[in-house]
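Data file: protein-v3.cif. Format and content: mmCIF, C-alpha atoms.
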data_protein
loop_
_atom_site.label_atom_id
_atom_site.label_comp_id
_atom_site.auth_asym_id
_atom_site.auth_seq_id
_atom_site.Cartn_x
_atom_site.Cartn_y
_atom_site.Cartn_z
CA MET A 22 -7.50 -44.55 24.09
CA GLU A 23 -10.74 -45.93 22.72
CA LEU A 24 -9.23 -48.57 20.43
CA LEU A 25 -7.29 -50.10 23.33
CA GLU A 26 -10.21 -49.98 25.75
CA LYS A 27 -12.41 -51.70 23.18
CA LYS A 28 -9.83 -54.44 22.71
CA ILE A 29 -9.52 -54.91 26.48
CA GLN A 30 -13.30 -55.21 26.84
CA GLU A 31 -13.51 -57.69 23.97
CA GLU A 32 -10.48 -59.86 24.68
CA GLY A 33 -9.20 -59.12 28.18
CA ILE A 34 -9.92 -61.65 30.92
CA ALA A 35 -10.17 -60.58 34.56
CA LEU A 36 -8.94 -63.32 36.84
CA PRO A 37 -9.05 -63.66 40.63
CA GLY A 38 -6.22 -61.80 42.36
CA ASN A 39 -6.70 -58.68 40.22
CA VAL A 40 -4.96 -60.24 37.23
CA LEU A 41 -5.91 -58.94 33.79
CA LYS A 42 -4.93 -61.25 30.97
CA VAL A 43 -4.35 -59.53 27.66
CA ASP A 44 -2.09 -62.08 26.03
CA SER A 45 -4.21 -62.16 22.87
CA PHE A 46 -2.93 -58.75 21.76
CA LEU A 47 -0.33 -57.33 24.15
CA ASN A 48 2.06 -59.77 25.75
CA HIS A 49 2.17 -63.04 23.85
CA GLN A 50 0.18 -62.66 20.67
CA ILE A 51 0.64 -59.10 19.42
CA ASP A 52 -1.68 -57.00 17.30
CA PRO A 53 0.81 -54.97 15.21
CA GLU A 54 -1.73 -52.35 14.09
CA LEU A 55 -2.68 -51.73 17.70
CA SER A 56 1.01 -51.53 18.68
CA LEU A 57 1.52 -48.91 16.00
CA ALA A 58 -1.56 -46.97 17.13
CA MET A 59 -0.30 -47.02 20.73
CA GLY A 60 3.17 -45.92 19.63
CA ARG A 61 1.63 -43.03 17.70
CA GLU A 62 -0.47 -42.00 20.68
CA PHE A 63 2.57 -41.98 22.97
CA ALA A 64 4.47 -39.93 20.40
CA ARG A 65 1.60 -37.43 20.30
CA LEU A 66 1.27 -37.25 24.09
CA PHE A 67 4.98 -36.63 24.65
CA ARG A 68 5.76 -34.65 21.49
CA GLU A 69 6.43 -31.46 23.49
CA ALA A 70 8.97 -33.17 25.75
CA ASP A 71 11.69 -33.24 23.10
CA ILE A 72 12.40 -36.95 23.59
CA ASP A 73 15.91 -38.21 22.74
CA ARG A 74 15.40 -41.89 23.52
CA VAL A 75 12.78 -44.44 24.51
CA LEU A 76 13.54 -46.93 27.28
CA THR A 77 11.49 -50.06 27.93
CA VAL A 78 12.06 -53.51 29.42
CA GLU A 79 11.95 -56.90 27.75
CA ALA A 80 9.81 -58.52 26.54
CA SER A 81 6.28 -57.10 26.34
CA GLY A 82 7.37 -53.46 26.22
CA ILE A 83 9.36 -53.88 23.03
CA ALA A 84 6.57 -53.92 20.44
CA ILE A 85 5.00 -50.71 21.79
CA GLY A 86 8.37 -49.13 22.53
CA VAL A 87 9.71 -49.64 19.03
CA MET A 88 6.58 -48.07 17.53
CA ALA A 89 6.82 -45.04 19.85
CA ALA A 90 10.52 -44.68 19.02
CA LEU A 91 9.77 -44.98 15.30
CA GLU A 92 7.17 -42.21 15.50
CA LEU A 93 9.47 -39.99 17.58
CA ASN A 94 12.43 -40.78 15.33
CA VAL A 95 14.72 -41.75 18.21
CA PRO A 96 16.42 -44.99 19.30
CA LEU A 97 14.82 -47.53 21.60
CA VAL A 98 16.73 -49.27 24.35
CA PHE A 99 15.24 -52.27 26.07
CA ALA A 100 16.48 -53.17 29.53
CA ARG A 101 17.53 -56.78 29.92
CA LYS A 102 16.47 -58.98 32.78
CA LYS A 103 19.54 -61.20 32.60
CA LYS A 104 23.09 -60.07 33.06
CA SER A 105 24.53 -62.95 31.02
CA VAL A 106 23.75 -61.28 27.70
CA LEU A 107 25.64 -58.09 28.57
CA ILE A 108 29.14 -59.21 29.29
CA ASN A 109 32.16 -57.28 30.48
CA GLU A 110 30.85 -53.76 30.03
CA PRO A 111 29.65 -51.18 32.56
CA VAL A 112 25.92 -51.40 33.24
CA TYR A 113 23.23 -49.60 35.17
CA SER A 114 21.06 -52.03 37.08
CA HIS A 115 18.21 -51.98 39.52
CA GLU A 116 16.32 -54.69 41.39
CA VAL A 117 12.65 -54.88 40.60
CA PHE A 118 10.09 -56.91 42.53
CA SER A 119 7.19 -58.35 40.57
CA PHE A 120 4.10 -58.72 42.75
CA THR A 121 2.43 -60.83 40.03
CA LYS A 122 5.28 -63.27 39.70
CA LYS A 123 6.37 -62.96 43.35
CA GLU A 124 9.99 -62.68 42.40
CA THR A 125 12.79 -60.16 42.25
CA SER A 126 14.62 -59.65 39.00
CA GLU A 127 17.29 -57.23 37.97
CA ILE A 128 16.84 -54.86 35.05
CA ILE A 129 20.07 -54.00 33.31
CA VAL A 130 21.10 -51.45 30.69
CA LEU A 131 24.56 -51.00 29.19
CA GLN A 132 25.80 -47.57 30.24
CA LYS A 133 26.85 -46.68 26.70
CA TYR A 134 23.21 -46.84 25.57
CA LEU A 135 22.07 -44.33 28.19
CA PRO A 136 24.24 -41.27 27.64
CA ALA A 137 23.88 -38.35 30.08
CA GLY A 138 21.94 -35.21 29.37
CA GLU A 139 19.05 -36.73 27.44
CA ASN A 140 15.26 -36.60 27.71
CA VAL A 141 14.19 -40.22 28.10
CA LEU A 142 10.67 -41.53 27.62
CA ILE A 143 9.92 -44.71 29.59
CA ILE A 144 7.37 -47.04 28.00
CA ASP A 145 5.85 -50.20 29.44
CA ASP A 146 2.85 -52.42 28.82
CA PHE A 147 1.49 -52.56 32.38
CA LEU A 148 1.45 -50.43 35.50
CA ALA A 149 0.42 -52.03 38.77
CA ASN A 150 2.78 -51.34 41.66
CA GLY A 151 5.13 -49.28 39.56
CA GLU A 152 8.24 -51.29 40.33
CA ALA A 153 9.46 -51.65 36.74
CA ALA A 154 8.70 -48.05 35.73
CA LEU A 155 10.30 -46.60 38.86
CA GLY A 156 13.29 -48.90 38.45
CA MET A 157 13.79 -47.62 34.93
CA ALA A 158 13.33 -44.02 36.13
CA ARG A 159 16.05 -44.52 38.69
CA ILE A 160 18.40 -45.90 36.05
CA VAL A 161 17.71 -42.91 33.77
CA GLU A 162 18.54 -40.50 36.59
CA GLU A 163 21.64 -42.46 37.60
CA ALA A 164 22.75 -42.04 33.99
CA GLY A 165 22.45 -38.26 34.35
CA SER A 166 19.42 -37.95 32.12
CA LYS A 167 15.89 -36.70 32.67
CA VAL A 168 12.74 -38.82 32.89
CA ALA A 169 10.82 -36.80 30.34
CA GLY A 170 7.75 -38.99 30.68
CA ILE A 171 6.36 -42.39 31.54
CA GLY A 172 3.92 -43.91 29.07
CA ILE A 173 1.96 -47.03 30.02
CA ALA A 174 -0.45 -49.00 27.86
CA ILE A 175 -2.67 -50.35 30.66
CA GLU A 176 -2.69 -49.28 34.29
CA LYS A 177 -4.51 -50.88 37.16
CA ALA A 178 -5.47 -47.60 38.80
CA PHE A 179 -6.55 -49.29 42.03
CA GLN A 180 -2.98 -50.39 42.71
CA PRO A 181 -0.24 -48.08 44.07
CA GLY A 182 1.89 -47.54 40.92
CA HIS A 183 0.02 -44.54 39.53
CA GLN A 184 0.24 -42.57 42.76
CA ARG A 185 3.88 -43.49 43.38
CA ILE A 186 4.83 -42.16 39.94
CA VAL A 187 2.78 -38.97 40.26
CA ASP A 188 4.17 -38.34 43.76
CA LYS A 189 7.65 -38.29 42.29
CA GLY A 190 6.59 -35.57 39.90
CA TYR A 191 6.88 -37.59 36.69
CA HIS A 192 4.64 -36.89 33.71
CA LEU A 193 2.55 -40.07 33.46
CA GLU A 194 0.27 -40.94 30.55
CA THR A 195 -1.72 -44.15 30.41
CA LEU A 196 -3.71 -45.32 27.38
CA ALA A 197 -6.21 -47.38 29.36
CA SER A 198 -6.92 -47.09 33.06
CA ILE A 199 -8.66 -49.95 34.84
CA ALA A 200 -10.70 -48.93 37.90
CA SER A 201 -11.72 -52.43 38.95
CA LEU A 202 -11.55 -56.10 38.01
CA VAL A 203 -13.92 -57.25 40.75
CA GLY A 204 -16.10 -60.23 39.92
CA GLY A 205 -14.44 -60.73 36.56
CA LYS A 206 -15.88 -57.41 35.30
CA ILE A 207 -13.49 -54.92 33.70
CA THR A 208 -14.35 -51.34 34.63
CA PHE A 209 -12.43 -48.35 33.31
CA THR A 210 -11.64 -45.19 35.27
CA GLU A 211 -14.10 -42.34 34.65
CA LYS A 212 -12.58 -39.54 32.63
CA MET B 11 20.18 -56.08 2.41
CA GLU B 12 22.56 -53.20 1.91
CA LEU B 13 21.29 -51.00 4.73
CA LEU B 14 21.80 -53.80 7.26
CA GLU B 15 25.24 -54.80 5.93
CA LYS B 16 26.34 -51.18 6.15
CA LYS B 17 25.17 -50.95 9.75
CA ILE B 18 26.96 -54.20 10.62
CA GLN B 19 30.20 -52.94 9.07
CA GLU B 20 29.93 -49.61 10.88
CA GLU B 21 28.77 -50.75 14.32
CA GLY B 22 29.19 -54.52 14.59
CA ILE B 23 32.06 -55.84 16.66
CA ALA B 24 33.63 -59.21 15.92
CA LEU B 25 34.85 -60.86 19.10
CA PRO B 26 36.92 -64.00 19.67
CA GLY B 27 34.83 -67.17 19.57
CA ASN B 28 32.94 -66.09 16.46
CA VAL B 29 30.74 -63.69 18.41
CA LEU B 30 29.29 -60.74 16.52
CA LYS B 31 28.05 -57.97 18.78
CA VAL B 32 25.31 -55.85 17.26
CA ASP B 33 23.74 -54.53 20.43
CA SER B 34 23.89 -50.93 19.19
CA PHE B 35 21.00 -51.51 16.77
CA LEU B 36 19.58 -55.03 17.01
CA ASN B 37 19.45 -56.62 20.43
CA HIS B 38 19.72 -54.02 23.16
CA GLN B 39 19.59 -50.60 21.59
CA ILE B 40 17.22 -50.78 18.61
CA ASP B 41 17.17 -48.67 15.48
CA PRO B 42 13.41 -48.44 14.76
CA GLU B 43 13.83 -47.28 11.14
CA LEU B 44 16.09 -50.24 10.44
CA SER B 45 13.63 -52.58 12.17
CA LEU B 46 10.89 -51.25 9.90
CA ALA B 47 13.08 -51.62 6.81
CA MET B 48 13.86 -55.23 7.78
CA GLY B 49 10.20 -55.97 8.43
CA ARG B 50 9.34 -54.57 5.00
CA GLU B 51 12.02 -56.65 3.34
CA PHE B 52 10.77 -59.84 5.01
CA ALA B 53 7.23 -58.98 3.93
CA ARG B 54 8.45 -58.53 0.35
CA LEU B 55 10.49 -61.75 0.35
CA PHE B 56 7.62 -63.87 1.69
CA ARG B 57 4.70 -62.03 0.06
CA GLU B 58 3.90 -65.01 -2.21
CA ALA B 59 3.69 -67.43 0.72
CA ASP B 60 0.29 -66.17 1.86
CA ILE B 61 1.43 -65.76 5.47
CA ASP B 62 -1.23 -66.00 8.21
CA ARG B 63 0.97 -65.36 11.23
CA VAL B 64 4.51 -64.42 12.25
CA LEU B 65 6.25 -66.35 15.02
CA THR B 66 9.38 -65.15 16.81
CA VAL B 67 11.00 -65.64 20.21
CA GLU B 68 11.60 -63.11 22.95
CA ALA B 69 13.32 -60.71 23.22
CA SER B 70 15.41 -59.60 20.24
CA GLY B 71 13.09 -61.04 17.59
CA ILE B 72 10.14 -58.91 18.66
CA ALA B 73 11.07 -55.56 17.10
CA ILE B 74 11.70 -57.09 13.68
CA GLY B 75 8.81 -59.54 14.00
CA VAL B 76 6.26 -56.85 14.80
CA MET B 77 7.35 -54.82 11.78
CA ALA B 78 7.12 -57.86 9.47
CA ALA B 79 3.69 -58.68 10.89
CA LEU B 80 2.58 -55.08 10.47
CA GLU B 81 3.61 -55.08 6.81
CA LEU B 82 1.97 -58.46 6.18
CA ASN B 83 -1.13 -57.41 8.12
CA VAL B 84 -1.12 -60.53 10.32
CA PRO B 85 -0.66 -61.14 14.06
CA LEU B 86 2.71 -61.73 15.68
CA VAL B 87 3.24 -64.35 18.37
CA PHE B 88 6.41 -64.34 20.38
CA ALA B 89 7.48 -67.55 22.07
CA ARG B 90 8.26 -67.20 25.76
CA LYS B 91 11.34 -68.58 27.40
CA LYS B 92 9.73 -68.96 30.81
CA LYS B 93 6.72 -71.08 31.60
CA SER B 94 5.73 -68.99 34.61
CA VAL B 95 4.06 -66.33 32.51
CA LEU B 96 1.78 -68.79 30.72
CA ILE B 97 -0.15 -70.47 33.46
CA ASN B 98 -2.68 -73.27 33.36
CA GLU B 99 -3.25 -73.43 29.64
CA PRO B 100 -2.09 -75.95 27.02
CA VAL B 101 1.23 -75.00 25.46
CA TYR B 102 3.58 -76.19 22.76
CA SER B 103 7.15 -76.25 23.96
CA HIS B 104 10.55 -77.26 22.76
CA GLU B 105 14.00 -77.34 24.34
CA VAL B 106 16.57 -75.14 22.65
CA PHE B 107 20.27 -75.21 23.34
CA SER B 108 22.14 -71.93 23.01
CA PHE B 109 25.77 -72.48 22.00
CA THR B 110 26.56 -68.83 22.79
CA LYS B 111 25.12 -68.92 26.29
CA LYS B 112 25.94 -72.61 26.83
CA GLU B 113 22.52 -73.28 28.28
CA THR B 114 19.29 -75.03 27.43
CA SER B 115 16.08 -73.07 27.60
CA GLU B 116 12.55 -73.94 26.72
CA ILE B 117 10.56 -71.97 24.19
CA ILE B 118 6.86 -71.99 24.87
CA VAL B 119 3.78 -70.88 22.94
CA LEU B 120 0.17 -71.09 24.10
CA GLN B 121 -1.63 -73.52 21.81
CA LYS B 122 -4.52 -71.13 21.26
CA TYR B 123 -2.17 -68.67 19.54
CA LEU B 124 -0.98 -71.27 17.02
CA PRO B 125 -4.13 -72.57 15.36
CA ALA B 126 -3.81 -75.44 12.87
CA GLY B 127 -3.86 -75.03 9.12
CA GLU B 128 -1.96 -71.76 8.86
CA ASN B 129 1.09 -70.55 6.93
CA VAL B 130 3.52 -69.37 9.58
CA LEU B 131 6.55 -67.17 8.97
CA ILE B 132 9.33 -67.64 11.53
CA ILE B 133 11.46 -64.54 12.18
CA ASP B 134 14.58 -64.23 14.30
CA ASP B 135 17.48 -61.83 14.71
CA PHE B 136 20.34 -64.35 14.47
CA LEU B 137 21.04 -67.69 12.87
CA ALA B 138 24.08 -69.65 14.04
CA ASN B 139 23.38 -73.29 14.84
CA GLY B 140 19.71 -73.00 14.02
CA GLU B 141 18.45 -74.27 17.35
CA ALA B 142 15.89 -71.53 17.95
CA ALA B 143 14.58 -71.46 14.36
CA LEU B 144 14.30 -75.23 14.15
CA GLY B 145 12.66 -75.36 17.59
CA MET B 146 10.05 -72.88 16.40
CA ALA B 147 9.59 -74.84 13.16
CA ARG B 148 8.91 -77.98 15.13
CA ILE B 149 6.33 -76.19 17.25
CA VAL B 150 4.58 -74.85 14.13
CA GLU B 151 4.36 -78.36 12.67
CA GLU B 152 3.22 -79.84 15.96
CA ALA B 153 0.42 -77.28 15.84
CA GLY B 154 -0.63 -78.63 12.45
CA SER B 155 0.52 -75.59 10.51
CA LYS B 156 3.04 -75.07 7.74
CA VAL B 157 6.44 -73.39 8.08
CA ALA B 158 5.91 -71.04 5.15
CA GLY B 159 9.32 -69.46 5.59
CA ILE B 160 12.16 -68.63 7.95
CA GLY B 161 13.45 -65.06 7.87
CA ILE B 162 16.66 -64.18 9.69
CA ALA B 163 18.24 -60.76 10.05
CA ILE B 164 21.87 -61.91 10.36
CA GLU B 165 23.24 -65.38 9.73
CA LYS B 166 26.70 -66.68 10.48
CA ALA B 167 26.96 -68.73 7.30
CA PHE B 168 30.06 -70.58 8.53
CA GLN B 169 28.02 -72.24 11.29
CA PRO B 170 25.64 -75.19 10.75
CA GLY B 171 22.24 -73.46 11.05
CA HIS B 172 21.85 -72.44 7.41
CA GLN B 173 22.48 -75.94 6.07
CA ARG B 174 20.31 -77.59 8.72
CA ILE B 175 17.36 -75.40 7.73
CA VAL B 176 17.88 -75.85 3.98
CA ASP B 177 18.26 -79.61 4.43
CA LYS B 178 14.80 -79.73 5.95
CA GLY B 179 13.41 -78.06 2.86
CA TYR B 180 12.39 -74.78 4.46
CA HIS B 181 12.40 -71.52 2.52
CA LEU B 182 15.16 -69.52 4.23
CA GLU B 183 15.85 -65.84 3.64
CA THR B 184 18.59 -63.94 5.44
CA LEU B 185 19.13 -60.19 5.21
CA ALA B 186 22.85 -60.30 5.95
CA SER B 187 25.10 -63.32 5.66
CA ILE B 188 28.44 -63.32 7.45
CA ALA B 189 31.12 -65.48 5.84
CA SER B 190 33.81 -64.92 8.46
CA LEU B 191 34.65 -63.06 11.65
CA VAL B 192 38.29 -64.15 11.72
CA GLY B 193 40.75 -61.66 13.17
CA GLY B 194 38.01 -59.23 14.12
CA LYS B 195 37.21 -58.60 10.46
CA ILE B 196 33.59 -58.91 9.31
CA THR B 197 33.32 -60.48 5.86
CA PHE B 198 30.01 -61.00 4.09
CA THR B 199 29.11 -63.96 1.91
CA GLU B 200 29.63 -63.32 -1.82
CA LYS B 201 26.33 -63.03 -3.69
#

Show me the file's structure as structure tokens.
Amino acid sequence: MELLEKKIQEEGIALPGNVLKVDSFLNHQIDPELSLAMGREFARLFREADIDRVLTVEASGIAIGVMAALELNVPLVFARKKKSVLINEPVYSHEVFSFTKKETSEIIVLQKYLPAGENVLIIDDFLANGEAALGMARIVEEAGSKVAGIGIAIEKAFQPGHQRIVDKGYHLETLASIASLVGGKITFTEK
Amino acid sequence: MELLEKKIQEEGIALPGNVLKVDSFLNHQIDPELSLAMGREFARLFREADIDRVLTVEASGIAIGVMAALELNVPLVFARKKKSVLINEPVYSHEVFSFTKKETSEIIVLQKYLPAGENVLIIDDFLANGEAALGMARIVEEAGSKVAGIGIAIEKAFQPGHQRIVDKGYHLETLASIASLVGGKITFTEK
């Protein structure tokens, strides 16, 4: 997606350790027009999949997820990372390891907001090792629904997440695919 | 806002301890059309205030905040509750006590995403004791900007937050105002 790639080139910062900082428009300050454009693009890419629901995880997935859900005219559910806010009701949960933050967290969804028999679109801002996306996929399947697609704003294609998702047979769409961050230079995957 | 009050009456659950659960459309499952309608209403209510930026706090404020920012054609910034994601850069931060969760957390914003001299609209999903809204207001003023307004989706008018905000002279707008949750019955404030 050209608009997103342009924004990444202009404002993204490649740091040592293969970290790409995009907090000026994606995960701290948010560009609402860009969020809407990304939501529209996801809706277009997965239009055929007859999506019933969008699932994302707090916090950075919410702005894109809500725009995709708006365009698809379905509800959004965002997985929580803290059990305390979801008290006394049955949940689906899955442990997710963040390689960036070097910590394990649990993602949690109330069972009543993931009914069985649906086509669920998983949306997230970043794909690196695929832990969050695959954790959400597992929750969707545990709920008796189908992972109808996984839509990611920015993937680091040189890390294992992409291949892990494709190997499981999921329909993956990414709006920007980073081939390398070596030497502070952001290079996109050839199309 | 009639649409929101209707949704609260239909789906909200009043629990002992003055808790109102609205996780079917506001803070776990999200109704994107309602989020857009709320964003539009905030944009209308604060149109005269010449807003430069919307500030909210993760996670439940983001869906409404991004819609308000979209309508006002300004950026959204969402305060983080964890320092770990904002490394090695100057931040504004403020401790916020949650009476619901009985815990203190810190809300944090990178200084570069709150430039001085702006009119900032603060948006949040809930107003009870006003801790989060007033914490954000303090950060905005510390940044040398003006709190141009505080927009809240649902306030519990029988708790101190409303008065605390009004006493400080801020322009407060709430889309639904709950007068009482006694006996599991949701009563709105008379207009």

ask   = Mind telling me what the PyMOL selection byres ((chain A) within 6 of (chain B)) catches here, as a VMD selection string?
value = chain A and resid 49 to 53 80 84 87 91 96 to 99

remark   = Between atom CA of A:Pro181 and atom CA of A:Met59 lies a distance of 23.4 Å

key: Sphere at (-8.2, -52.9, 35.9), radius 7 Å, counting all atoms listed in the file: residues as JSON, numbers by chain   = {"A": [41, 176, 177, 178, 198, 199, 200, 201, 202, 207, 208, 209]}

Box dimensions and centre (Å, one decimal) enclosing stretch 125-136 of chain A, axis-aligned, 5 Å extra per side, as JSON:
{"center_x": 19.8, "center_y": -50.7, "center_z": 33.9, "size_x": 24.1, "size_y": 28.9, "size_z": 26.7}

inquiry  = Once the PyMOL selection byres ((chain A and resi 67) around 10) is applied to the coordinates I shared, what remains selected? I want it as a VMD selection string.
reply    = chain A and resid 62 to 66 68 to 72 89 93 142 169 to 172 192 to 194

key: atom CA of B:Val157 to atom CA of B:Val130, straight-line distance in Å   =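 So the two atoms, atom CA of B:Val130 and atom CA of B:Val157, lie 5.2 Å apart.
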
message = Excluding A:Lys167 and its own-chain neighbours fewer than 6 positions away, which residues fall within 8 Å of it when counting all atoms listed in the file? Please give them as a count of residues only.
response = 5

Pick from A:Ala35, A:Asp188, A:Gly156, A:Phe147 nearest to A:Lys102, counting all atoms listed in the file =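 Of A:Ala35, A:Asp188, A:Gly156, A:Phe147, the one nearest A:Lys102, counting all atoms listed in the file, is A:Gly156.
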
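The interatomic distance for the pair atom CA of A:Asp146 and atom CA of A:Thr77 works out to 9.0 Å.
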
query = Using the chain letters and numbers from the file, which residues does the PyMOL selection byres ((chain B and resi 116) around 8) grab, as a ChimeraX atom specification?
reply = /B:91-92,103-106,114-115,117-118
